[in-house]
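J.: Dropping in target02.pdb, which is PDB, C-alpha atoms:
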```
ATOM      1  CA  MET A 280       0.000   0.000   0.000  1.00  0.00           C
ATOM      2  CA  LYS A 281       1.448   3.326  -1.073  1.00  0.00           C
ATOM      3  CA  HIS A 282       1.260   6.131   1.521  1.00  0.00           C
ATOM      4  CA  VAL A 283       0.389   9.519   0.022  1.00  0.00           C
ATOM      5  CA  THR A 284       0.316  12.877   1.789  1.00  0.00           C
ATOM      6  CA  ILE A 285      -1.840  15.668   0.378  1.00  0.00           C
ATOM      7  CA  ASP A 286      -1.487  19.211   1.646  1.00  0.00           C
ATOM      8  CA  ILE A 287      -4.599  21.149   0.602  1.00  0.00           C
ATOM      9  CA  VAL A 288      -4.290  24.915   0.275  1.00  0.00           C
ATOM     10  CA  SER A 289      -7.779  26.417   0.321  1.00  0.00           C
ATOM     11  CA  ASP A 290     -10.099  29.063   1.689  1.00  0.00           C
ATOM     12  CA  ILE A 291     -13.382  28.483   3.480  1.00  0.00           C
ATOM     13  CA  ALA A 292     -14.858  31.281   1.323  1.00  0.00           C
ATOM     14  CA  CYS A 293     -13.945  29.450  -1.911  1.00  0.00           C
ATOM     15  CA  PRO A 294     -16.795  27.372  -3.429  1.00  0.00           C
ATOM     16  CA  TRP A 295     -14.419  25.527  -5.743  1.00  0.00           C
ATOM     17  CA  CYS A 296     -12.434  24.424  -2.684  1.00  0.00           C
ATOM     18  CA  ALA A 297     -15.512  22.640  -1.329  1.00  0.00           C
ATOM     19  CA  ILE A 298     -16.249  21.131  -4.745  1.00  0.00           C
ATOM     20  CA  GLY A 299     -12.599  20.212  -5.209  1.00  0.00           C
ATOM     21  CA  TYR A 300     -12.451  18.312  -1.935  1.00  0.00           C
ATOM     22  CA  ALA A 301     -15.668  16.423  -2.707  1.00  0.00           C
ATOM     23  CA  ARG A 302     -14.089  15.371  -6.001  1.00  0.00           C
ATOM     24  CA  LEU A 303     -10.852  14.423  -4.245  1.00  0.00           C
ATOM     25  CA  GLU A 304     -12.867  12.247  -1.856  1.00  0.00           C
ATOM     26  CA  LYS A 305     -14.256  10.343  -4.839  1.00  0.00           C
ATOM     27  CA  ALA A 306     -10.753   9.879  -6.227  1.00  0.00           C
ATOM     28  CA  MET A 307      -9.427   8.655  -2.881  1.00  0.00           C
ATOM     29  CA  GLU A 308     -12.320   6.217  -2.596  1.00  0.00           C
ATOM     30  CA  GLU A 309     -11.452   4.782  -5.997  1.00  0.00           C
ATOM     31  CA  LEU A 310      -7.808   4.424  -4.964  1.00  0.00           C
ATOM     32  CA  LYS A 311      -8.411   3.058  -1.458  1.00  0.00           C
ATOM     33  CA  ASN A 312      -7.028  -0.394  -2.333  1.00  0.00           C
ATOM     34  CA  GLU A 313      -3.859   1.107  -3.834  1.00  0.00           C
ATOM     35  CA  MET A 314      -3.017   4.015  -1.541  1.00  0.00           C
ATOM     36  CA  ASP A 315      -3.681   5.356   1.913  1.00  0.00           C
ATOM     37  CA  PHE A 316      -3.938   9.113   2.300  1.00  0.00           C
ATOM     38  CA  ALA A 317      -2.960  11.651   4.942  1.00  0.00           C
ATOM     39  CA  ILE A 318      -4.672  15.018   4.466  1.00  0.00           C
ATOM     40  CA  GLU A 319      -3.663  18.342   5.968  1.00  0.00           C
ATOM     41  CA  TRP A 320      -5.414  21.652   5.322  1.00  0.00           C
ATOM     42  CA  HIS A 321      -3.576  24.961   4.879  1.00  0.00           C
ATOM     43  CA  ALA A 322      -4.852  28.523   4.915  1.00  0.00           C
ATOM     44  CA  PHE A 323      -5.434  30.919   2.036  1.00  0.00           C
ATOM     45  CA  GLU A 324      -7.534  34.093   2.318  1.00  0.00           C
ATOM     46  CA  LEU A 325      -9.502  35.340  -0.684  1.00  0.00           C
ATOM     47  CA  ASN A 326     -10.668  38.329   1.360  1.00  0.00           C
ATOM     48  CA  PRO A 327      -7.851  39.144   3.800  1.00  0.00           C
ATOM     49  CA  ASP A 328      -9.393  42.439   4.959  1.00  0.00           C
ATOM     50  CA  PRO A 329     -11.040  41.810   8.367  1.00  0.00           C
ATOM     51  CA  SER A 330     -12.713  45.230   8.526  1.00  0.00           C
ATOM     52  CA  GLY A 331     -16.280  46.028   7.500  1.00  0.00           C
ATOM     53  CA  ASP A 332     -19.443  43.979   7.436  1.00  0.00           C
ATOM     54  CA  GLY A 333     -18.881  42.318   4.083  1.00  0.00           C
ATOM     55  CA  GLU A 334     -20.943  42.973   0.967  1.00  0.00           C
ATOM     56  CA  PRO A 335     -23.407  40.925  -1.091  1.00  0.00           C
ATOM     57  CA  ILE A 336     -21.477  38.348  -3.100  1.00  0.00           C
ATOM     58  CA  LEU A 337     -22.867  39.039  -6.580  1.00  0.00           C
ATOM     59  CA  PRO A 338     -21.864  42.724  -6.855  1.00  0.00           C
ATOM     60  CA  ALA A 339     -18.541  41.872  -5.172  1.00  0.00           C
ATOM     61  CA  LEU A 340     -17.791  39.163  -7.753  1.00  0.00           C
ATOM     62  CA  SER A 341     -19.025  41.390 -10.573  1.00  0.00           C
ATOM     63  CA  ARG A 342     -16.533  44.074  -9.622  1.00  0.00           C
ATOM     64  CA  LYS A 343     -13.696  41.604  -9.033  1.00  0.00           C
ATOM     65  CA  TYR A 344     -14.028  39.856 -12.401  1.00  0.00           C
ATOM     66  CA  GLY A 345     -15.327  42.769 -14.489  1.00  0.00           C
ATOM     67  CA  ARG A 346     -18.494  40.926 -15.482  1.00  0.00           C
ATOM     68  CA  SER A 347     -22.165  41.730 -15.008  1.00  0.00           C
ATOM     69  CA  GLU A 348     -24.139  40.570 -11.998  1.00  0.00           C
ATOM     70  CA  ASP A 349     -26.330  38.499 -14.309  1.00  0.00           C
ATOM     71  CA  GLU A 350     -23.248  36.690 -15.604  1.00  0.00           C
ATOM     72  CA  MET A 351     -22.053  36.051 -12.070  1.00  0.00           C
ATOM     73  CA  ARG A 352     -25.535  34.819 -11.061  1.00  0.00           C
ATOM     74  CA  ALA A 353     -25.491  32.339 -13.964  1.00  0.00           C
ATOM     75  CA  ASN A 354     -21.974  31.255 -13.030  1.00  0.00           C
ATOM     76  CA  GLN A 355     -23.001  30.686  -9.414  1.00  0.00           C
ATOM     77  CA  ALA A 356     -26.106  28.769 -10.510  1.00  0.00           C
ATOM     78  CA  GLN A 357     -23.891  26.363 -12.487  1.00  0.00           C
ATOM     79  CA  MET A 358     -21.736  25.935  -9.403  1.00  0.00           C
ATOM     80  CA  ILE A 359     -24.817  25.086  -7.317  1.00  0.00           C
ATOM     81  CA  ASP A 360     -25.670  22.328  -9.815  1.00  0.00           C
ATOM     82  CA  VAL A 361     -22.134  20.917  -9.666  1.00  0.00           C
ATOM     83  CA  ALA A 362     -22.180  20.991  -5.859  1.00  0.00           C
ATOM     84  CA  HIS A 363     -25.601  19.334  -5.705  1.00  0.00           C
ATOM     85  CA  SER A 364     -24.365  16.481  -7.914  1.00  0.00           C
ATOM     86  CA  LEU A 365     -21.624  15.867  -5.320  1.00  0.00           C
ATOM     87  CA  GLY A 366     -24.019  15.937  -2.363  1.00  0.00           C
ATOM     88  CA  LEU A 367     -22.923  19.377  -1.154  1.00  0.00           C
ATOM     89  CA  ASN A 368     -25.285  21.974   0.293  1.00  0.00           C
ATOM     90  CA  PHE A 369     -24.822  25.190  -1.724  1.00  0.00           C
ATOM     91  CA  GLU A 370     -28.427  26.384  -1.349  1.00  0.00           C
ATOM     92  CA  LYS A 371     -27.507  29.923  -0.228  1.00  0.00           C
ATOM     93  CA  LEU A 372     -24.446  30.392  -2.433  1.00  0.00           C
ATOM     94  CA  GLN A 373     -25.837  33.532  -4.072  1.00  0.00           C
ATOM     95  CA  GLU A 374     -27.153  35.023  -0.810  1.00  0.00           C
ATOM     96  CA  ARG A 375     -23.877  35.074   1.104  1.00  0.00           C
ATOM     97  CA  TYR A 376     -21.724  38.116   1.809  1.00  0.00           C
ATOM     98  CA  THR A 377     -17.976  38.458   1.407  1.00  0.00           C
ATOM     99  CA  ARG A 378     -16.329  37.370   4.657  1.00  0.00           C
ATOM    100  CA  ASN A 379     -12.885  37.315   6.192  1.00  0.00           C
ATOM    101  CA  THR A 380     -11.930  33.762   7.194  1.00  0.00           C
ATOM    102  CA  PHE A 381      -8.856  34.282   9.370  1.00  0.00           C
ATOM    103  CA  ASP A 382     -10.511  33.144  12.611  1.00  0.00           C
ATOM    104  CA  ALA A 383     -12.113  30.177  10.847  1.00  0.00           C
ATOM    105  CA  HIS A 384      -8.659  29.128   9.635  1.00  0.00           C
ATOM    106  CA  ARG A 385      -7.383  29.359  13.212  1.00  0.00           C
ATOM    107  CA  LEU A 386     -10.117  26.968  14.302  1.00  0.00           C
ATOM    108  CA  VAL A 387      -9.219  24.547  11.486  1.00  0.00           C
ATOM    109  CA  LYS A 388      -5.678  24.501  12.921  1.00  0.00           C
ATOM    110  CA  TRP A 389      -7.081  23.910  16.409  1.00  0.00           C
ATOM    111  CA  ALA A 390      -9.384  21.136  15.148  1.00  0.00           C
ATOM    112  CA  GLY A 391      -6.295  19.466  13.692  1.00  0.00           C
ATOM    113  CA  GLN A 392      -5.090  18.923  17.260  1.00  0.00           C
ATOM    114  CA  HIS A 393      -8.224  16.779  17.704  1.00  0.00           C
ATOM    115  CA  ASN A 394      -7.889  15.001  14.326  1.00  0.00           C
ATOM    116  CA  LYS A 395     -10.952  16.835  13.001  1.00  0.00           C
ATOM    117  CA  GLN A 396      -9.515  19.277  10.471  1.00  0.00           C
ATOM    118  CA  THR A 397     -11.555  17.982   7.555  1.00  0.00           C
ATOM    119  CA  ALA A 398     -14.797  17.858   9.542  1.00  0.00           C
ATOM    120  CA  MET A 399     -14.204  21.431  10.717  1.00  0.00           C
ATOM    121  CA  LYS A 400     -13.556  22.647   7.188  1.00  0.00           C
ATOM    122  CA  GLN A 401     -16.671  20.917   5.864  1.00  0.00           C
ATOM    123  CA  ALA A 402     -18.828  22.372   8.652  1.00  0.00           C
ATOM    124  CA  PHE A 403     -17.627  25.850   7.705  1.00  0.00           C
ATOM    125  CA  PHE A 404     -18.279  25.211   3.993  1.00  0.00           C
ATOM    126  CA  GLU A 405     -21.854  24.190   4.782  1.00  0.00           C
ATOM    127  CA  ALA A 406     -22.446  27.178   7.072  1.00  0.00           C
ATOM    128  CA  TYR A 407     -21.240  29.611   4.423  1.00  0.00           C
ATOM    129  CA  PHE A 408     -22.486  28.099   1.170  1.00  0.00           C
ATOM    130  CA  GLY A 409     -25.485  26.201   2.497  1.00  0.00           C
ATOM    131  CA  ARG A 410     -26.826  28.724   5.011  1.00  0.00           C
ATOM    132  CA  ALA A 411     -25.064  32.013   4.034  1.00  0.00           C
ATOM    133  CA  GLU A 412     -23.991  32.440   7.652  1.00  0.00           C
ATOM    134  CA  ASN A 413     -21.397  34.976   8.749  1.00  0.00           C
ATOM    135  CA  ILE A 414     -18.302  32.827   9.130  1.00  0.00           C
ATOM    136  CA  ALA A 415     -16.348  35.793  10.484  1.00  0.00           C
ATOM    137  CA  GLN A 416     -18.589  35.804  13.571  1.00  0.00           C
ATOM    138  CA  ALA A 417     -17.520  33.899  16.671  1.00  0.00           C
ATOM    139  CA  ASP A 418     -20.990  32.556  17.531  1.00  0.00           C
ATOM    140  CA  ILE A 419     -21.396  31.031  14.061  1.00  0.00           C
ATOM    141  CA  LEU A 420     -17.941  29.459  14.208  1.00  0.00           C
ATOM    142  CA  VAL A 421     -18.667  27.968  17.636  1.00  0.00           C
ATOM    143  CA  GLN A 422     -21.960  26.512  16.386  1.00  0.00           C
ATOM    144  CA  CYS A 423     -19.949  24.704  13.694  1.00  0.00           C
ATOM    145  CA  VAL A 424     -17.524  23.468  16.358  1.00  0.00           C
ATOM    146  CA  GLU A 425     -20.443  22.023  18.329  1.00  0.00           C
ATOM    147  CA  LYS A 426     -21.836  20.326  15.211  1.00  0.00           C
ATOM    148  CA  ILE A 427     -18.665  18.250  14.826  1.00  0.00           C
ATOM    149  CA  GLY A 428     -18.530  17.357  18.525  1.00  0.00           C
ATOM    150  CA  LEU A 429     -15.633  19.533  19.669  1.00  0.00           C
ATOM    151  CA  ASN A 430     -15.558  21.619  22.834  1.00  0.00           C
ATOM    152  CA  SER A 431     -17.241  25.003  22.341  1.00  0.00           C
ATOM    153  CA  SER A 432     -15.644  26.578  25.427  1.00  0.00           C
ATOM    154  CA  GLU A 433     -12.176  25.678  24.208  1.00  0.00           C
ATOM    155  CA  ALA A 434     -13.033  27.055  20.763  1.00  0.00           C
ATOM    156  CA  ARG A 435     -14.118  30.372  22.311  1.00  0.00           C
ATOM    157  CA  GLU A 436     -10.828  30.495  24.209  1.00  0.00           C
ATOM    158  CA  VAL A 437      -8.978  30.117  20.913  1.00  0.00           C
ATOM    159  CA  LEU A 438     -11.063  32.860  19.297  1.00  0.00           C
ATOM    160  CA  THR A 439     -10.494  35.345  22.134  1.00  0.00           C
ATOM    161  CA  SER A 440      -6.738  34.716  22.024  1.00  0.00           C
ATOM    162  CA  ASN A 441      -4.095  34.867  19.293  1.00  0.00           C
ATOM    163  CA  ARG A 442      -3.610  31.108  19.283  1.00  0.00           C
ATOM    164  CA  TYR A 443      -2.842  29.631  15.852  1.00  0.00           C
ATOM    165  CA  ALA A 444      -2.611  33.108  14.282  1.00  0.00           C
ATOM    166  CA  ASP A 445       1.086  32.609  13.527  1.00  0.00           C
ATOM    167  CA  ASP A 446       0.362  29.153  12.080  1.00  0.00           C
ATOM    168  CA  VAL A 447      -2.183  30.634   9.662  1.00  0.00           C
ATOM    169  CA  ARG A 448       0.151  33.453   8.603  1.00  0.00           C
ATOM    170  CA  GLN A 449       3.039  31.021   8.138  1.00  0.00           C
ATOM    171  CA  ASP A 450       0.818  28.853   5.931  1.00  0.00           C
ATOM    172  CA  GLU A 451      -0.153  31.808   3.808  1.00  0.00           C
ATOM    173  CA  ALA A 452       3.428  33.017   3.415  1.00  0.00           C
ATOM    174  CA  LYS A 453       4.812  29.549   2.714  1.00  0.00           C
ATOM    175  CA  TYR A 454       2.395  28.680  -0.060  1.00  0.00           C
ATOM    176  CA  GLN A 455       2.478  32.131  -1.649  1.00  0.00           C
ATOM    177  CA  GLN A 456       6.261  31.798  -1.845  1.00  0.00           C
ATOM    178  CA  ALA A 457       5.774  28.327  -3.337  1.00  0.00           C
ATOM    179  CA  GLY A 458       3.725  29.867  -6.142  1.00  0.00           C
ATOM    180  CA  VAL A 459       0.171  29.165  -5.008  1.00  0.00           C
ATOM    181  CA  SER A 460      -1.867  32.142  -6.249  1.00  0.00           C
ATOM    182  CA  ALA A 461      -5.269  30.469  -6.620  1.00  0.00           C
ATOM    183  CA  VAL A 462      -7.109  27.768  -4.719  1.00  0.00           C
ATOM    184  CA  PRO A 463      -7.701  24.924  -4.311  1.00  0.00           C
ATOM    185  CA  ALA A 464      -4.165  23.638  -4.722  1.00  0.00           C
ATOM    186  CA  TYR A 465      -3.015  20.162  -3.730  1.00  0.00           C
ATOM    187  CA  ILE A 466       0.632  19.471  -2.924  1.00  0.00           C
ATOM    188  CA  VAL A 467       1.181  15.733  -3.135  1.00  0.00           C
ATOM    189  CA  ASP A 468       4.040  14.175  -1.159  1.00  0.00           C
ATOM    190  CA  GLY A 469       5.504  17.637  -0.662  1.00  0.00           C
ATOM    191  CA  LYS A 470       6.630  17.835  -4.301  1.00  0.00           C
ATOM    192  CA  TYR A 471       3.869  17.750  -6.896  1.00  0.00           C
ATOM    193  CA  MET A 472       1.202  20.419  -7.227  1.00  0.00           C
ATOM    194  CA  ILE A 473      -2.253  19.826  -8.687  1.00  0.00           C
ATOM    195  CA  SER A 474      -4.148  23.083  -9.207  1.00  0.00           C
ATOM    196  CA  GLY A 475      -7.889  23.640  -9.301  1.00  0.00           C
ATOM    197  CA  ALA A 476     -11.007  21.580  -8.581  1.00  0.00           C
ATOM    198  CA  GLN A 477     -10.127  18.754 -10.959  1.00  0.00           C
ATOM    199  CA  GLU A 478     -12.593  16.013 -11.865  1.00  0.00           C
ATOM    200  CA  PRO A 479     -12.199  12.739  -9.896  1.00  0.00           C
ATOM    201  CA  GLU A 480     -10.890  10.809 -12.910  1.00  0.00           C
ATOM    202  CA  THR A 481      -8.219  13.482 -13.520  1.00  0.00           C
ATOM    203  CA  LEU A 482      -7.150  13.243  -9.895  1.00  0.00           C
ATOM    204  CA  VAL A 483      -7.027   9.448  -9.992  1.00  0.00           C
ATOM    205  CA  LYS A 484      -4.773   9.558 -13.058  1.00  0.00           C
ATOM    206  CA  ALA A 485      -2.497  12.221 -11.534  1.00  0.00           C
ATOM    207  CA  LEU A 486      -2.200  10.409  -8.192  1.00  0.00           C
ATOM    208  CA  ARG A 487      -1.365   7.118  -9.915  1.00  0.00           C
ATOM    209  CA  GLU A 488       1.325   8.834 -11.977  1.00  0.00           C
ATOM    210  CA  ILE A 489       2.803  10.442  -8.871  1.00  0.00           C
ATOM    211  CA  ALA A 490       2.702   7.149  -6.956  1.00  0.00           C
ATOM    212  CA  ALA A 491       4.602   5.481  -9.812  1.00  0.00           C
ATOM    213  CA  GLU A 492       7.451   8.006  -9.631  1.00  0.00           C
ATOM    214  CA  PRO A 493      10.714   6.537  -8.319  1.00  0.00           C
ATOM    215  CA  VAL A 494      11.482   7.637  -4.769  1.00  0.00           C
TER     216      VAL A 494
END
```
Starting from the file, lay out its structure as structure tokens.
T.:
Amino acid sequence: MKHVTIDIVSDIACPWCAIGYARLEKAMEELKNEMDFAIEWHAFELNPDPSGDGEPILPALSRKYGRSEDEMRANQAQMIDVAHSLGLNFEKLQERYTRNTFDAHRLVKWAGQHNKQTAMKQAFFEAYFGRAENIAQADILVQCVEKIGLNSSEAREVLTSNRYADDVRQDEAKYQQAGVSAVPAYIVDGKYMISGAQEPETLVKALREIAAEPV
């Protein structure tokens, strides 16, 4: 059995990161008799400005990409269909606001100490894309913590401190220096980068090719 490590660089505010992981799960399921996987999540912030109350996502995306709101609405609707086909809840994708995710990333780091990084990330994805909740707000983050069975009091202690802040910033600096400018990005065995929310069959092929490389 080949052991494969996958470092996933992503943001909780990135719909393609949620879709990409759901596709990766399918690929890993297909490869479960050939490889065993160790996953670690790393931070990336699409909206690093923590100030303000956020703004409705459609005008924000329209301005960012220089396209009309109608175009962005159609684009988001396609994404909802893709997510639905993978069993993801993206019901409120078009109703969310732009949010800073720094504190959420800190809690993903903390959840890693309890072997629940992936569950934490998925709970945040569902809160943001499925329910359009404010994932910059401590109460919302703690509700997600409770949903995955972790200690809410300990989570609040993390949020009211600076714990894991340096870890998040180090992640961001490390992967920017490594050339990651868009997410999701998967670094396999510390050497090979796969960019974007690739289809499961593409991931299976890439992972098999990487596994076949001489050590």
J.: Convert the output of the PyMOL selection byres ((chain A and resi 354) around 12) on the shown file into explicit residues, formatted as a compact mmCIF listing (two decimals) with C-alpha atoms, in the coordinates of the input.
T.:
```txt
# COMPACT_ATOMS: atom_id res chain seq x y z
CA PRO A 294 -16.80 27.37 -3.43
CA TRP A 295 -14.42 25.53 -5.74
CA LEU A 337 -22.87 39.04 -6.58
CA LEU A 340 -17.79 39.16 -7.75
CA SER A 341 -19.02 41.39 -10.57
CA TYR A 344 -14.03 39.86 -12.40
CA ARG A 346 -18.49 40.93 -15.48
CA SER A 347 -22.16 41.73 -15.01
CA GLU A 348 -24.14 40.57 -12.00
CA ASP A 349 -26.33 38.50 -14.31
CA GLU A 350 -23.25 36.69 -15.60
CA MET A 351 -22.05 36.05 -12.07
CA ARG A 352 -25.54 34.82 -11.06
CA ALA A 353 -25.49 32.34 -13.96
CA GLN A 355 -23.00 30.69 -9.41
CA ALA A 356 -26.11 28.77 -10.51
CA GLN A 357 -23.89 26.36 -12.49
CA MET A 358 -21.74 25.94 -9.40
CA ILE A 359 -24.82 25.09 -7.32
CA ASP A 360 -25.67 22.33 -9.82
CA VAL A 361 -22.13 20.92 -9.67
CA LEU A 372 -24.45 30.39 -2.43
CA GLN A 373 -25.84 33.53 -4.07
```
J.: The PyMOL selection byres ((chain A and resi 323) around 7) - which residues does that actually catch in the file I just gave you? List them as a PyMOL selection string.
T.: chain A and resi 288-290+321-322+324-325+451
J.: For the atom pair atom CA of A:Lys343 and atom CA of A:Ala461, what is the interatomic distance in Å to one decimal place?
T.: 14.2 Å
J.: Hey, which of A:Pro479, A:Lys453, A:Ala491, A:Ile427 ends up closest to A:Glu308? Count all atoms listed in the file.
T.: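 Residue with the minimum atom-to-atom distance to A:Glu308: A:Pro479.
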J.: Name the residues in contact with A:Lys388 at a cut-off of 10 Å, using all atoms listed in the file, excluding same-chain residues fewer than 5 positions from it; report them as a count of residues only.
T.: 17
J.: Can you pull out every residue within 8 Å of stretch 463-478 of chain A, counting all atoms listed in the file, but drop anything in the same chain fewer than 3 positions away, and send it as an NGL selection string?
T.: :A and (283-290 or 295-296 or 298-300 or 302-303 or 459 or 481-482 or 489)
J.: May I ask for the distance between atom CA of A:Ala406 and atom CA of A:Leu310, given in Å to one decimal place?
T.: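 One can read the atom CA of A:Ala406 to atom CA of A:Leu310 distance as 29.6 Å.
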J.: Could you tell me which residues the PyMOL selection byres ((chain A and resi 428) around 12) grabs in this file, written as a list of chain:residue names?
T.: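 Applying the PyMOL selection byres ((chain A and resi 428) around 12) to the structure shown produces A:Ala390, A:His393, A:Asn394, A:Lys395, A:Ala398, A:Met399, A:Ala402, A:Val421, A:Gln422, A:Cys423, A:Val424, A:Glu425, A:Lys426, A:Ile427, A:Leu429, A:Asn430, A:Ser431, A:Ser432, A:Glu433, A:Ala434.
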J.: Dump as an MDAnalysis selection string all residues having an atom at most 9 Å from (-20.5, 36.5, 0.6), computed in the file's coordinates with only C-alpha atoms.
T.: chainID A and resid 292 333:337 339 372:378 407:408 411:413
J.: Which value, in Å to one decimal, gives the distance between atom CA of A:Val387 and atom CA of A:Leu367?
T.: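 Atom-to-atom, atom CA of A:Val387 and atom CA of A:Leu367 are spaced 19.3 Å apart.
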J.: I'd like to know which of A:Gln392, A:Lys281, A:Arg385, A:Gly366 is closest to A:Gln449, using all atoms listed in the file.
T.: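 Among the listed residues, A:Arg385 lies closest to A:Gln449.
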J.: Which of these, A:Leu365, A:Ala452, A:Cys293, A:Ala490, has the shortest distance to A:Asn379 once you count all atoms listed in the file?
T.: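 The shortest atom-to-atom distance to A:Asn379 comes from A:Cys293.
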J.: Let me have the centre and edge lengths of the axis-aligned box enclosing all listed atoms of stretch 453-472 of chain A with 5 Å padding on every side, in Å to one decimal, as AutoDock Vina command-line options.
T.:
```
--center_x -0.5 --center_y 23.2 --center_z -2.3 --size_x 24.3 --size_y 28.0 --size_z 19.9
```
